[in-house]
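Structure data follow from input.pdb (PDB, C-alpha atoms):
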ATOM      1  CA  MET A   1     -80.859 189.798 117.364
ATOM      2  CA  ASN A   2     -84.238 188.263 116.529
ATOM      3  CA  ARG A   3     -85.525 188.681 112.994
ATOM      4  CA  MET A   4     -88.973 189.327 111.585
ATOM      5  CA  GLU A   5     -89.270 188.329 107.936
ATOM      6  CA  PHE A   6     -91.937 190.344 106.138
ATOM      7  CA  TYR A   7     -93.381 189.026 102.851
ATOM      8  CA  TYR A   8     -95.210 191.678 100.841
ATOM      9  CA  ASP A   9     -96.443 192.926  97.486
ATOM     10  CA  LEU A  10     -97.043 196.655  97.074
ATOM     11  CA  VAL A  11    -100.537 195.973  95.697
ATOM     12  CA  SER A  12    -101.721 194.653  99.064
ATOM     13  CA  PRO A  13    -103.548 197.173 101.271
ATOM     14  CA  TYR A  14    -102.976 194.989 104.311
ATOM     15  CA  ALA A  15     -99.251 194.889 103.541
ATOM     16  CA  TYR A  16     -99.266 198.693 103.483
ATOM     17  CA  LEU A  17    -101.036 198.727 106.842
ATOM     18  CA  ALA A  18     -98.598 196.187 108.247
ATOM     19  CA  TYR A  19     -95.457 197.961 107.058
ATOM     20  CA  ALA A  20     -95.465 200.818 109.572
ATOM     21  CA  GLU A  21     -96.848 198.733 112.421
ATOM     22  CA  ALA A  22     -94.277 195.987 111.825
ATOM     23  CA  GLY A  23     -91.580 198.609 112.262
ATOM     24  CA  ARG A  24     -93.012 199.597 115.622
ATOM     25  CA  VAL A  25     -93.284 195.952 116.732
ATOM     26  CA  ALA A  26     -89.690 195.299 115.692
ATOM     27  CA  GLU A  27     -88.463 198.409 117.490
ATOM     28  CA  ARG A  28     -90.216 197.437 120.729
ATOM     29  CA  SER A  29     -88.794 193.938 120.478
ATOM     30  CA  GLY A  30     -85.284 194.982 119.478
ATOM     31  CA  ALA A  31     -85.671 192.904 116.313
ATOM     32  CA  GLU A  32     -84.525 193.284 112.724
ATOM     33  CA  ILE A  33     -87.015 193.364 109.840
ATOM     34  CA  VAL A  34     -86.021 191.411 106.746
ATOM     35  CA  LEU A  35     -88.072 192.499 103.730
ATOM     36  CA  ARG A  36     -89.184 189.677 101.403
ATOM     37  CA  PRO A  37     -90.813 191.024  98.213
ATOM     38  CA  VAL A  38     -93.024 188.569  96.298
ATOM     39  CA  LEU A  39     -95.720 188.589  93.606
ATOM     40  CA  LEU A  40     -99.097 188.252  95.311
ATOM     41  CA  GLY A  41    -101.029 187.053  92.262
ATOM     42  CA  ALA A  42     -98.612 184.188  91.754
ATOM     43  CA  LEU A  43     -98.942 183.170  95.416
ATOM     44  CA  HIS A  44    -102.733 183.142  95.092
ATOM     45  CA  LYS A  45    -102.481 181.028  91.951
ATOM     46  CA  ALA A  46    -100.071 178.565  93.554
ATOM     47  CA  ALA A  47    -102.383 178.172  96.547
ATOM     48  CA  GLY A  48    -105.524 177.913  94.415
ATOM     49  CA  ILE A  49    -107.287 180.851  96.076
ATOM     50  CA  LYS A  50    -109.111 183.901  94.753
ATOM     51  CA  ALA A  51    -108.188 187.467  95.562
ATOM     52  CA  PRO A  52    -110.693 188.953  98.046
ATOM     53  CA  ILE A  53    -111.835 191.513  95.474
ATOM     54  CA  GLU A  54    -113.171 188.656  93.319
ATOM     55  CA  THR A  55    -115.851 187.961  95.939
ATOM     56  CA  PRO A  56    -118.053 191.099  95.966
ATOM     57  CA  ALA A  57    -119.377 190.698  99.505
ATOM     58  CA  LYS A  58    -115.880 190.160 100.858
ATOM     59  CA  GLY A  59    -114.536 193.055  98.830
ATOM     60  CA  ARG A  60    -117.156 195.410 100.264
ATOM     61  CA  TYR A  61    -116.426 194.255 103.806
ATOM     62  CA  GLN A  62    -112.676 194.597 103.389
ATOM     63  CA  ALA A  63    -112.969 198.146 102.058
ATOM     64  CA  ARG A  64    -114.362 199.201 105.432
ATOM     65  CA  ASP A  65    -112.059 196.887 107.365
ATOM     66  CA  ILE A  66    -109.009 198.468 105.748
ATOM     67  CA  GLN A  67    -110.207 201.910 106.799
ATOM     68  CA  ARG A  68    -110.687 200.708 110.378
ATOM     69  CA  TRP A  69    -107.128 199.431 110.512
ATOM     70  CA  ALA A  70    -105.758 202.645 109.018
ATOM     71  CA  GLU A  71    -107.564 204.585 111.731
ATOM     72  CA  ARG A  72    -106.298 202.189 114.407
ATOM     73  CA  TYR A  73    -102.694 202.631 113.270
ATOM     74  CA  GLY A  74    -103.029 206.374 112.649
ATOM     75  CA  LEU A  75    -102.105 205.973 108.987
ATOM     76  CA  PRO A  76    -103.293 208.023 106.022
ATOM     77  CA  MET A  77    -105.203 205.954 103.469
ATOM     78  CA  ARG A  78    -106.335 206.928  99.972
ATOM     79  CA  PHE A  79    -107.677 203.748  98.439
ATOM     80  CA  PRO A  80    -106.439 203.579  94.827
ATOM     81  CA  GLU A  81    -108.784 203.774  91.869
ATOM     82  CA  PRO A  82    -108.862 201.471  90.047
ATOM     83  CA  PHE A  83    -108.119 198.518  92.273
ATOM     84  CA  PRO A  84    -106.463 196.095  91.928
ATOM     85  CA  PHE A  85    -103.619 197.651  90.003
ATOM     86  CA  ARG A  86    -100.688 196.001  88.276
ATOM     87  CA  THR A  87     -97.381 195.515  90.152
ATOM     88  CA  LEU A  88     -95.458 192.918  88.112
ATOM     89  CA  LYS A  89     -92.933 195.426  86.765
ATOM     90  CA  THR A  90     -92.905 197.226  90.110
ATOM     91  CA  MET A  91     -92.031 194.127  92.103
ATOM     92  CA  ARG A  92     -89.305 193.306  89.582
ATOM     93  CA  ALA A  93     -87.994 196.816  90.191
ATOM     94  CA  VAL A  94     -88.051 196.073  93.915
ATOM     95  CA  MET A  95     -85.829 193.051  93.300
ATOM     96  CA  TRP A  96     -83.438 195.212  91.273
ATOM     97  CA  CYS A  97     -83.319 197.695  94.154
ATOM     98  CA  ALA A  98     -82.615 194.904  96.630
ATOM     99  CA  LYS A  99     -79.375 194.128  94.793
ATOM    100  CA  ARG A 100     -78.316 197.765  95.101
ATOM    101  CA  GLY A 101     -79.064 198.411  98.754
ATOM    102  CA  SER A 102     -82.197 200.467  98.067
ATOM    103  CA  LEU A 103     -84.863 197.936  99.084
ATOM    104  CA  GLU A 104     -86.060 199.643 102.266
ATOM    105  CA  PRO A 105     -86.285 203.229 100.955
ATOM    106  CA  PHE A 106     -87.901 202.100  97.702
ATOM    107  CA  THR A 107     -90.488 200.036  99.601
ATOM    108  CA  ARG A 108     -91.231 202.894 101.994
ATOM    109  CA  GLU A 109     -91.712 205.486  99.261
ATOM    110  CA  ALA A 110     -93.735 203.177  97.014
ATOM    111  CA  PHE A 111     -96.147 202.290  99.826
ATOM    112  CA  ALA A 112     -96.583 206.008 100.548
ATOM    113  CA  LEU A 113     -97.126 206.917  96.887
ATOM    114  CA  PHE A 114     -99.570 204.085  96.220
ATOM    115  CA  TRP A 115    -101.614 204.111  99.440
ATOM    116  CA  GLU A 116    -101.342 207.633 100.842
ATOM    117  CA  GLU A 117    -100.989 209.919  97.844
ATOM    118  CA  GLY A 118    -103.125 208.421  95.089
ATOM    119  CA  GLY A 119    -100.114 207.642  92.919
ATOM    120  CA  ALA A 120    -100.627 203.926  92.271
ATOM    121  CA  PRO A 121    -100.656 202.582  88.695
ATOM    122  CA  LYS A 122    -103.941 203.481  87.017
ATOM    123  CA  GLY A 123    -104.665 200.158  85.360
ATOM    124  CA  LEU A 124    -103.497 196.699  84.426
ATOM    125  CA  GLU A 125    -101.274 197.555  81.453
ATOM    126  CA  ALA A 126     -97.509 197.303  81.899
ATOM    127  CA  THR A 127     -97.024 200.925  80.839
ATOM    128  CA  GLU A 128     -99.272 202.097  83.707
ATOM    129  CA  GLU A 129     -96.444 201.253  86.099
ATOM    130  CA  ASP A 130     -93.823 203.419  84.422
ATOM    131  CA  GLU A 131     -94.635 206.862  85.815
ATOM    132  CA  PRO A 132     -95.157 205.646  89.415
ATOM    133  CA  LEU A 133     -91.826 203.817  89.156
ATOM    134  CA  ARG A 134     -90.134 206.949  87.853
ATOM    135  CA  GLU A 135     -91.547 208.952  90.747
ATOM    136  CA  VAL A 136     -90.339 206.480  93.368
ATOM    137  CA  ALA A 137     -86.921 206.370  91.701
ATOM    138  CA  ARG A 138     -86.632 210.154  91.935
ATOM    139  CA  ARG A 139     -87.580 210.088  95.610
ATOM    140  CA  VAL A 140     -84.876 207.566  96.487
ATOM    141  CA  GLU A 141     -82.275 209.205  94.230
ATOM    142  CA  LEU A 142     -82.131 206.485  91.618
ATOM    143  CA  ASP A 143     -82.032 207.133  87.896
ATOM    144  CA  PRO A 144     -85.581 206.454  86.596
ATOM    145  CA  ASP A 145     -84.370 205.086  83.262
ATOM    146  CA  GLU A 146     -81.927 202.745  84.987
ATOM    147  CA  LEU A 147     -84.675 201.540  87.301
ATOM    148  CA  LEU A 148     -87.031 200.744  84.419
ATOM    149  CA  ALA A 149     -84.239 198.998  82.543
ATOM    150  CA  GLY A 150     -83.372 197.040  85.672
ATOM    151  CA  ALA A 151     -86.984 195.971  86.116
ATOM    152  CA  ALA A 152     -87.012 194.662  82.541
ATOM    153  CA  ALA A 153     -83.771 192.701  82.936
ATOM    154  CA  ASP A 154     -83.801 188.912  83.104
ATOM    155  CA  GLU A 155     -81.986 189.069  86.460
ATOM    156  CA  ALA A 156     -84.864 190.924  88.127
ATOM    157  CA  LYS A 157     -87.501 188.728  86.495
ATOM    158  CA  GLN A 158     -85.777 185.564  87.669
ATOM    159  CA  ALA A 159     -85.167 186.949  91.157
ATOM    160  CA  LEU A 160     -88.866 187.725  91.641
ATOM    161  CA  LYS A 161     -89.908 184.346  90.278
ATOM    162  CA  GLU A 162     -87.495 182.544  92.613
ATOM    163  CA  ALA A 163     -88.467 184.630  95.648
ATOM    164  CA  THR A 164     -92.154 183.949  95.051
ATOM    165  CA  SER A 165     -91.588 180.218  94.502
ATOM    166  CA  GLU A 166     -89.517 179.966  97.660
ATOM    167  CA  ALA A 167     -92.233 181.781  99.604
ATOM    168  CA  ALA A 168     -94.891 179.394  98.295
ATOM    169  CA  GLU A 169     -92.741 176.405  99.238
ATOM    170  CA  ARG A 170     -92.483 177.861 102.724
ATOM    171  CA  GLY A 171     -96.265 177.997 102.991
ATOM    172  CA  VAL A 172     -96.898 181.650 102.132
ATOM    173  CA  PHE A 173    -100.222 182.065 100.301
ATOM    174  CA  ALA A 174    -100.947 185.802 100.693
ATOM    175  CA  THR A 175     -99.479 189.017 102.052
ATOM    176  CA  PRO A 176     -98.551 190.329 104.494
ATOM    177  CA  THR A 177     -96.974 187.212 105.939
ATOM    178  CA  PHE A 178     -94.377 187.184 108.705
ATOM    179  CA  PHE A 179     -91.912 184.616 109.948
ATOM    180  CA  VAL A 180     -90.128 184.504 113.262
ATOM    181  CA  GLY A 181     -87.824 181.562 112.866
ATOM    182  CA  ASP A 182     -89.977 178.817 111.360
ATOM    183  CA  GLU A 183     -93.243 180.171 112.782
ATOM    184  CA  MET A 184     -95.524 181.784 110.187
ATOM    185  CA  PHE A 185     -98.070 184.528 110.851
ATOM    186  CA  TRP A 186    -100.454 185.815 108.169
ATOM    187  CA  GLY A 187    -102.089 189.223 108.272
ATOM    188  CA  ASN A 188    -101.465 192.575 109.889
ATOM    189  CA  ASP A 189    -103.849 191.519 112.673
ATOM    190  CA  ARG A 190    -101.333 188.855 113.750
ATOM    191  CA  LEU A 191     -98.612 191.341 114.595
ATOM    192  CA  ASP A 192     -99.312 190.986 118.321
ATOM    193  CA  PHE A 193     -98.398 187.318 117.994
ATOM    194  CA  VAL A 194     -95.309 188.285 115.992
ATOM    195  CA  GLY A 195     -94.259 190.607 118.810
ATOM    196  CA  GLU A 196     -94.715 187.855 121.367
ATOM    197  CA  ALA A 197     -92.687 185.426 119.282
ATOM    198  CA  LEU A 198     -89.861 187.942 118.971
ATOM    199  CA  LYS A 199     -89.587 188.175 122.748
ATOM    200  CA  VAL A 200     -89.223 184.432 123.314
TER     201      VAL A 200
END
Represent the structure contained in this file as structure tokens.
Amino acid sequence: MNRMEFYYDLVSPYAYLAYAEAGRVAERSGAEIVLRPVLLGALHKAAGIKAPIETPAKGRYQARDIQRWAERYGLPMRFPEPFPFRTLKTMRAVMWCAKRGSLEPFTREAFALFWEEGGAPKGLEATEEDEPLREVARRVELDPDELLAGAAADEAKQALKEATSEAAERGVFATPTFFVGDEMFWGNDRLDFVGEALKV
């Protein structure tokens, strides 16, 4: 079976948009999706690029562009306020979930909470992530206290650092990024190319 590797950070609106559509592309192609959580800010730093929101004109354009894509895909979209929000602890929690077989459901429910329901972290302090993490834990039947403890553990911190470094070494500079074999595709708007590559 062909594989589509999907690099993402839950803070990325385009990764949210890509998540559902990538599933449809994989289903049509009979392919497997392999989720690859990373820390977007660290990828930007490694590549020496600014987040789009740091360029006001680009940020204004992308706000409308994101809505267009949500409409195209038929997805609900409630853009979080404030944005960007912090996901360092959250992505460490994702790595903890990956070790326990809960990566896919946690990712699905966190994307929904953050981008459809207005439940994203409300700021850039570490504590702002706690209640959203507790809510996602409850939805996927994990113990919220265990999840928060797991996110704070050295194992999860190191796993996220290694995953992000490996992604950067592979050429990933932003999310969503996809790989089919050694071929890289960046952006939800490249999913047509991903689908074609999966059929080869």
Find the residues around segment 147-155 of chain A up to 12 Å (only C-alpha atoms counted), leave out those fewer than 4 positions away in its own chain, and share them as JSON, numbers by chain.
{"A": [87, 88, 89, 90, 91, 92, 93, 94, 95, 96, 97, 98, 99, 100, 102, 106, 126, 127, 129, 130, 131, 132, 133, 134, 135, 136, 137, 138, 140, 141, 142, 143, 159, 160, 161, 162]}
Please expand the PyMOL selection byres ((chain A and resi 122) around 10) into the concrete residues it hits in this file, giving the result as an MDAnalysis selection string.
chainID A and resid 80:86 118:121 123:125 127:129 131:132
Could you give me the axis-aligned bounding box of segment 117-129 of chain A, with 8 Å of padding per side, as centre plus edge lengths in Å to one decimal, as JSON?
{"center_x": -100.6, "center_y": 203.3, "center_z": 89.3, "size_x": 24.2, "size_y": 29.2, "size_z": 33.0}
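With atom CA of Asp182 of chain A on one side and atom CA of Leu198 of chain A on the other, the separation reads 11.9 Å.
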Might you pull out every residue within 9 Å of Leu75 of chain A, with only C-alpha atoms counted and same-chain residues fewer than 3 positions away left off, and present them as a ChimeraX atom specification?
/A:17,20,69-72,116
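For Ile53 of chain A, the set of protein, DNA and RNA residues having any atom at most 10 Å away, when counting all atoms listed in the file and skipping those fewer than 6 positions along the same chain, is A:Gly59, A:Arg60, A:Tyr61, A:Gln62, A:Ala63, A:Phe83, A:Pro84.
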Ground truth for the PyMOL selection byres ((chain A and resi 177) around 8), written as number ranges by chain:
A: 6-8, 172, 174-176, 178-179, 184-187
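Counting only C-alpha atoms, Tyr16 of chain A has the following residues at most 9 Å away, ignoring those fewer than 3 positions along the same chain: A:Tyr8, A:Asp9, A:Leu10, A:Val11, A:Ser12, A:Pro13, A:Tyr19, A:Ala20, A:Phe111, A:Ala112, A:Trp115, A:Pro176.
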Can you turn the PyMOL selection byres ((chain A and resi 23) around 12) into a concrete residue list for this file, as a PyMOL selection string?
chain A and resi 3-6+16-22+24-35+73+104+108+188+191+194-195
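Between atom CA of Ala51 of chain A and atom CA of Glu196 of chain A the separation is 29.1 Å.
Here atom CA of Glu183 of chain A is placed at a distance of 21.1 Å from atom CA of Leu39 of chain A.
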